[in-house]
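Working notes, structure below.
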Amino acid sequence: MRDIARTDSAAARIRAVAQKEVVDIFRDRRTMLVTLVTAIAAGPVLMLLVLNLVARQADKVRELSLPVAGREHAPALVAFLERQQVTLVPAPANFEEKIRTGDLDVVLEVDPGFAADVAKGKPATVRLVYDRSRDRARASIAEVEALLRAFNREWGRGRLLLRGVAADVANPLNVEPRDLATPQSSGALVLFLIAFYGLFAAVMGGMAAALDTTAGERERASLEPLLTTPVAPLELATGKWLAVVVLNATAVVLTLSGFYLMLRFAPLPAVGIPFLFGLAELGRFVVALIPLILLMPAILLYVGSRGRSFKEAQSNLSVLLFVVSLIPIVQMFLQKKEPAWLTWIPISGQYALLSRALRGEALPLTELLQSFAVPSLLTLGALLAVARLFSRESVLAGK
Amino acid sequence: MIAVDDVAKAFGRRGEVHAVDGVTLAALDGEITGLLGPNGAGKTTLLRVLATLMVPDRGRATVDGHDVVRDRYAVRRHIGVLSDARGLYPRLSARENIRYYGALQGLSGDVLEARVDELIRALSIAGIADRRAQGFSQGERMKVAIARALVHDPQTILLDEPTNGLDIMSIRGLRDLLRELRAQGKCLLFSSHVMQEVSALCDRIVILGRGKVAATGTADELLAQSGERSLEDAFVRLLGSGEGLAA
């Protein structure tokens with residue numbers, strides 16, 4: 001008998017497992033389709049829709065076309081509005097009906113006694129007719145209200161001047177708005193979408209692959225022969241974990257790159273909310289998501305190993321994923337200042353860091369390290385748990 | 001060389017199912033030992049204990065002197081196992097399936113490639129070597145499973161019902177291969193519930209029934225022990241009247 005040159009190295013076995021699993025995963029059309037479609041397509045496409053919605057509302061304000069009833073009673077107001085680039089159109093007779101059905105957003109109705117009231121020095125009346133329950137109309141309503149207030153101010157100021165009173169006398173309070181939002185911190189919904197999808201990719205990216213390599217391995221009856229080779233359960237778990245981490249990281253980077261490329265190059269409508277998702281933000285996102293990129297595959301492998309079949313594992317997973325994806329949504333609606341301990345909690349901590357990155361801030365090192373601590377321990381724990389499952393005799397029973 | 005001494009293994013919540021119940025046997029190098037028994041006799045459980053997949057409740061088993069419990073990783077380096085479950089990776093080619101097991105056994109580089117090529121030739125699967133295992137026939141799957149079990153040239157080879165689901169040509173090819181391995185001085189332990197299989201191939205036969213060894217010996221010795229003319233009758237008699245293959 002001749003001897004074959006062999007080594008006995010745990011590292012070599014882990015590498016062999018990881019290499020084989022990566023090849024296996026990337027050849028699996030179902031896994032790749034699920035991963036790539038959810039990661040790359042869904043996020044950016046959804047964002048494009050949101051941006052278009054925002055843009056349409058913005059356009060509405062800019063090209064305000066205002067139906068007016070009884071414009072002949074208030075020529076000064078009409079002249080003012082036309083100076084402000086508002087297109088005035090005659091209101092149809094049944095405009096109240098049309099507002100109710102949503103065909104019109106807002107109508108300005110000048111009271112027939114307008115000129116008479118002005119002549120008597122009494123406040124003249126205009127009516128603004130709208131249906132405030134219509135989201136779509138809100139921008140137009142606000143715009144018309146603002147214009148009417150401006151007209152009111154200008155007119156009042158003119159009257160004071162005529163009486164030799166300085167206009168400032170009537171304006172003892174000077175409100176000077178200073179918005180501390182950086183350009184990036186506006187457009188909150190769009191930003192939330194990016195953060196959410198970044199998290200989503202890190203949580204979901206490895207799912208199909210993790211199930212295939214655990215529950216799938218059992219279902220295909222390839223686990224038992226594998227366990228007769230010198231690969232130890234922990235080596236097997238580690239190798240499989242590394243492979244799923246590679247896929248998960250790929251999914252995250254692709255998703256974020258999708259956002260980046262779209263915001264950078266796609267012919268986006270002029271939204272009027274300048275915000276940044278440049279390479280620096282992309283990099284900060286990846287760094288903030290590292291704990292999840294490492295943790296989720298370990299958890300997914302654990303859940304997958306507990307299932308005797310692909311189906312069983314899948315239904316166990318859906319509960320977990322539901323909880324995980326709920327966290328950032330709850331956090332967004334809370335809208336309060338996050339308590340400091342939140343950075344320690346997986347998902348929550350990452351979401352908080354992503355939000356900061358989106359506001360254009362650098363990631364603070366202490367909080368970054370805090371956000372790494374718990375996920376690292378959990379990753380280790382999950383890997384040991386997977387190894388324990390692989391060394392149980394009952395993994396054979398399911399075949 | 002395999003030595004099994006009073007090994008027992010029970011299943012069930014209170015351990016009430018005695019799958020293997022005090023088995024003692026030896027399988028020598030340069031011989032094919034057949035483990036013959038009806039379904040449920042404990043063949044697969046015994047092989048799983050030897051393959052280090054299960055820890056016996058009592059007794060002791062060694063492969064080439066390595067204890068299957070204490071030195072399980074040493075044992076795994078010395079055995080090649082064709083287990084009851086023989087799933088391949090459908091998205092990997094035959095060659096990649098074999099190469100994976102070689103890498104796990106510590107082979108690498110040119111040594112690994114040469115060994116994989118050698119097995120592909122020996123099992124005449126060159127035609128399917130670079131095709132994905134997805135659409136392989138039963139016979140092709142079995143050949144690849146055997147190749148990956150032998151990739152590290154193990155001294156001891158365990159085969160659980162290797163002929164299950166194979167056509168006659170594949171069975172003949174398998175027999176030739178096992179005889180060749182015997183000629184190389186390997187120790188082969190091979191389970192089956194088919195008498196013809198065992199008698200055609202095995203130097204020594206261990207008849208298992210209900211987790212116990214019912215009889216041991218060469219085919220002729222078993223005939224003599226039972227006083228029957230055919231091995232089939234001997235098998236039924238040695239297992240006791242109530243239990244045959246149909247039981």
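In the structure tokens, the first chain shown is A, the next is B, and so on; residue numbers restart at 1 for each chain, and ligands run from 1 in the order shown.
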
Compile the contact shell of B:Glu197 as number ranges by chain: residues with an atom at most 9 Å away, counting only C-alpha atoms, same-chain residues fewer than 6 positions apart removed. B: 34, 163, 175

Determine, counting only C-alpha atoms, which protein, DNA and RNA residues have an atom within 12 Å of an atom of stretch 152-158 of chain A; residues of the same chain fewer than 2 positions away are not included. Present the result as a VMD selection string. chain A and resid 76 to 77 80 to 81 118 121 123 to 126 145 to 150 160 to 171

Give me the chain B side of the contact with chain A, cut-off 7 Å, one line per residue showing its nearest atom pair and distance in Å at one decimal, counting only C-alpha atoms, sorted by chain and residue number, as JSON lines.
```
{"residue": "B:Ala51", "atom": "CA", "partner": "A:Thr228", "partner_atom": "CA", "distance": 6.0}
{"residue": "B:Thr52", "atom": "CA", "partner": "A:Thr228", "partner_atom": "CA", "distance": 6.9}
{"residue": "B:Leu53", "atom": "CA", "partner": "A:Glu393", "partner_atom": "CA", "distance": 6.8}
{"residue": "B:Met54", "atom": "CA", "partner": "A:Glu393", "partner_atom": "CA", "distance": 6.0}
{"residue": "B:Tyr73", "atom": "CA", "partner": "A:Pro230", "partner_atom": "CA", "distance": 5.4}
{"residue": "B:Arg76", "atom": "CA", "partner": "A:Pro230", "partner_atom": "CA", "distance": 5.2}
{"residue": "B:Arg77", "atom": "CA", "partner": "A:Pro230", "partner_atom": "CA", "distance": 5.9}
{"residue": "B:Val81", "atom": "CA", "partner": "A:Thr228", "partner_atom": "CA", "distance": 6.8}
{"residue": "B:Ser83", "atom": "CA", "partner": "A:Pro225", "partner_atom": "CA", "distance": 6.1}
{"residue": "B:Ala85", "atom": "CA", "partner": "A:Ala221", "partner_atom": "CA", "distance": 5.2}
{"residue": "B:Arg86", "atom": "CA", "partner": "A:Ser222", "partner_atom": "CA", "distance": 6.0}
{"residue": "B:Gly87", "atom": "CA", "partner": "A:Ser222", "partner_atom": "CA", "distance": 4.2}
{"residue": "B:Leu88", "atom": "CA", "partner": "A:Ser222", "partner_atom": "CA", "distance": 5.9}
{"residue": "B:Arg91", "atom": "CA", "partner": "A:Asp24", "partner_atom": "CA", "distance": 6.1}
{"residue": "B:Leu92", "atom": "CA", "partner": "A:Asp24", "partner_atom": "CA", "distance": 6.8}
{"residue": "B:Tyr100", "atom": "CA", "partner": "A:Ala16", "partner_atom": "CA", "distance": 6.8}
{"residue": "B:Ala103", "atom": "CA", "partner": "A:Ala16", "partner_atom": "CA", "distance": 6.1}
{"residue": "B:Leu104", "atom": "CA", "partner": "A:Arg13", "partner_atom": "CA", "distance": 5.2}
{"residue": "B:Gln105", "atom": "CA", "partner": "A:Pro230", "partner_atom": "CA", "distance": 6.2}
{"residue": "B:Gly106", "atom": "CA", "partner": "A:Thr7", "partner_atom": "CA", "distance": 4.7}
{"residue": "B:Leu107", "atom": "CA", "partner": "A:Arg6", "partner_atom": "CA", "distance": 5.0}
{"residue": "B:Gln184", "atom": "CA", "partner": "A:Met1", "partner_atom": "CA", "distance": 6.9}
```

Selected residues written out with C-alpha atoms, as a short mmCIF file (atom, residue, chain, number, x, y, z; two decimals), in the first residue's frame:
```
data_model
loop_
_atom_site.label_atom_id
_atom_site.label_comp_id
_atom_site.auth_asym_id
_atom_site.auth_seq_id
_atom_site.Cartn_x
_atom_site.Cartn_y
_atom_site.Cartn_z
CA ALA B 51 -18.12 5.25 11.24
CA THR B 52 -18.04 7.32 14.50
CA LEU B 53 -21.47 8.75 13.77
CA MET B 54 -22.96 7.17 16.87
CA TYR B 73 -10.99 11.79 14.15
CA ARG B 76 -12.28 9.01 10.24
CA ARG B 77 -8.90 9.43 8.57
CA VAL B 81 -17.64 5.02 4.24
CA SER B 83 -23.25 5.09 4.06
CA ALA B 85 -27.36 8.05 2.85
CA ARG B 86 -25.22 8.81 -0.16
CA GLY B 87 -26.39 12.20 -1.35
CA LEU B 88 -24.13 14.08 -3.74
CA ARG B 91 -24.67 21.57 -8.40
CA LEU B 92 -21.13 20.19 -8.26
CA TYR B 100 -14.25 18.03 -1.85
CA ALA B 103 -9.66 18.13 0.56
CA LEU B 104 -11.49 17.29 3.79
CA GLN B 105 -9.24 14.26 4.15
CA GLY B 106 -6.20 16.51 3.98
CA LEU B 107 -5.18 16.00 0.34
CA GLN B 184 -4.65 -4.62 -2.10
#
```

Among stretch 35-202 of chain B, which residues carry a DSSP assignment of alpha helix (DSSP H), reported as a VMD selection string? chain B and resid 43 to 50 72 to 78 94 to 104 109 to 122 138 to 150 168 to 183 195 to 201

Name the residues of stretch 53-254 of chain A that come out as strand (DSSP E or B) in a backbone DSSP run; write them as a VMD selection string. chain A and resid 65 to 69 87 to 90 106 to 110 126 to 130

Name all residues at most 10 Å from B:Gly240 (count only C-alpha atoms; drop same-chain ones fewer than 4 positions away) and give them as a PyMOL selection string. chain B and resi 209+214+234-236+244

Go ahead and dump the residues you just picked, N, CA and C atoms, as a PDB file, in the first residue's frame.
```
ATOM      1  N   GLY B 209     -29.222 -10.747  13.751  1.00  0.00           N
ATOM      2  CA  GLY B 209     -30.668 -10.781  13.896  1.00  0.00           C
ATOM      3  C   GLY B 209     -31.035 -10.086  15.184  1.00  0.00           C
ATOM      4  N   ALA B 214     -26.062 -13.887  15.208  1.00  0.00           N
ATOM      5  CA  ALA B 214     -26.692 -15.205  15.229  1.00  0.00           C
ATOM      6  C   ALA B 214     -25.687 -16.283  14.853  1.00  0.00           C
ATOM      7  N   ALA B 234     -29.935 -22.007   5.417  1.00  0.00           N
ATOM      8  CA  ALA B 234     -29.053 -21.864   6.574  1.00  0.00           C
ATOM      9  C   ALA B 234     -29.325 -20.543   7.281  1.00  0.00           C
ATOM     10  N   PHE B 235     -29.496 -19.494   6.475  1.00  0.00           N
ATOM     11  CA  PHE B 235     -29.742 -18.148   6.996  1.00  0.00           C
ATOM     12  C   PHE B 235     -31.008 -18.126   7.848  1.00  0.00           C
ATOM     13  N   VAL B 236     -32.076 -18.683   7.283  1.00  0.00           N
ATOM     14  CA  VAL B 236     -33.359 -18.687   7.985  1.00  0.00           C
ATOM     15  C   VAL B 236     -33.248 -19.501   9.274  1.00  0.00           C
ATOM     16  N   GLY B 244     -37.293 -14.486   9.232  1.00  0.00           N
ATOM     17  CA  GLY B 244     -36.569 -14.586   7.978  1.00  0.00           C
ATOM     18  C   GLY B 244     -36.519 -13.206   7.375  1.00  0.00           C
TER      19      GLY B 244
END
```

A:Tyr130 environment, 8 Å, only C-alpha atoms, sequence neighbours closer than 6 positions dropped, as a PyMOL selection string: chain A and resi 99+105-107+137+141

Which polymer residues have any atom within 10 Å of an atom of B:Leu238, counting only C-alpha atoms, with same-chain residues fewer than 3 positions away left out, as JSON, numbers by chain? {"B": [207, 208, 209, 213, 214, 215, 216, 222, 223, 225, 226, 227, 228, 232, 233, 234, 235, 241, 243, 244]}

Which residues are near B:Leu25? Cut-off 8 Å, only C-alpha atoms, ignore same chain within fewer than 3 positions. Put them as a list of chain:residue names. B:Ala3, B:Val4, B:Asp5, B:Val206
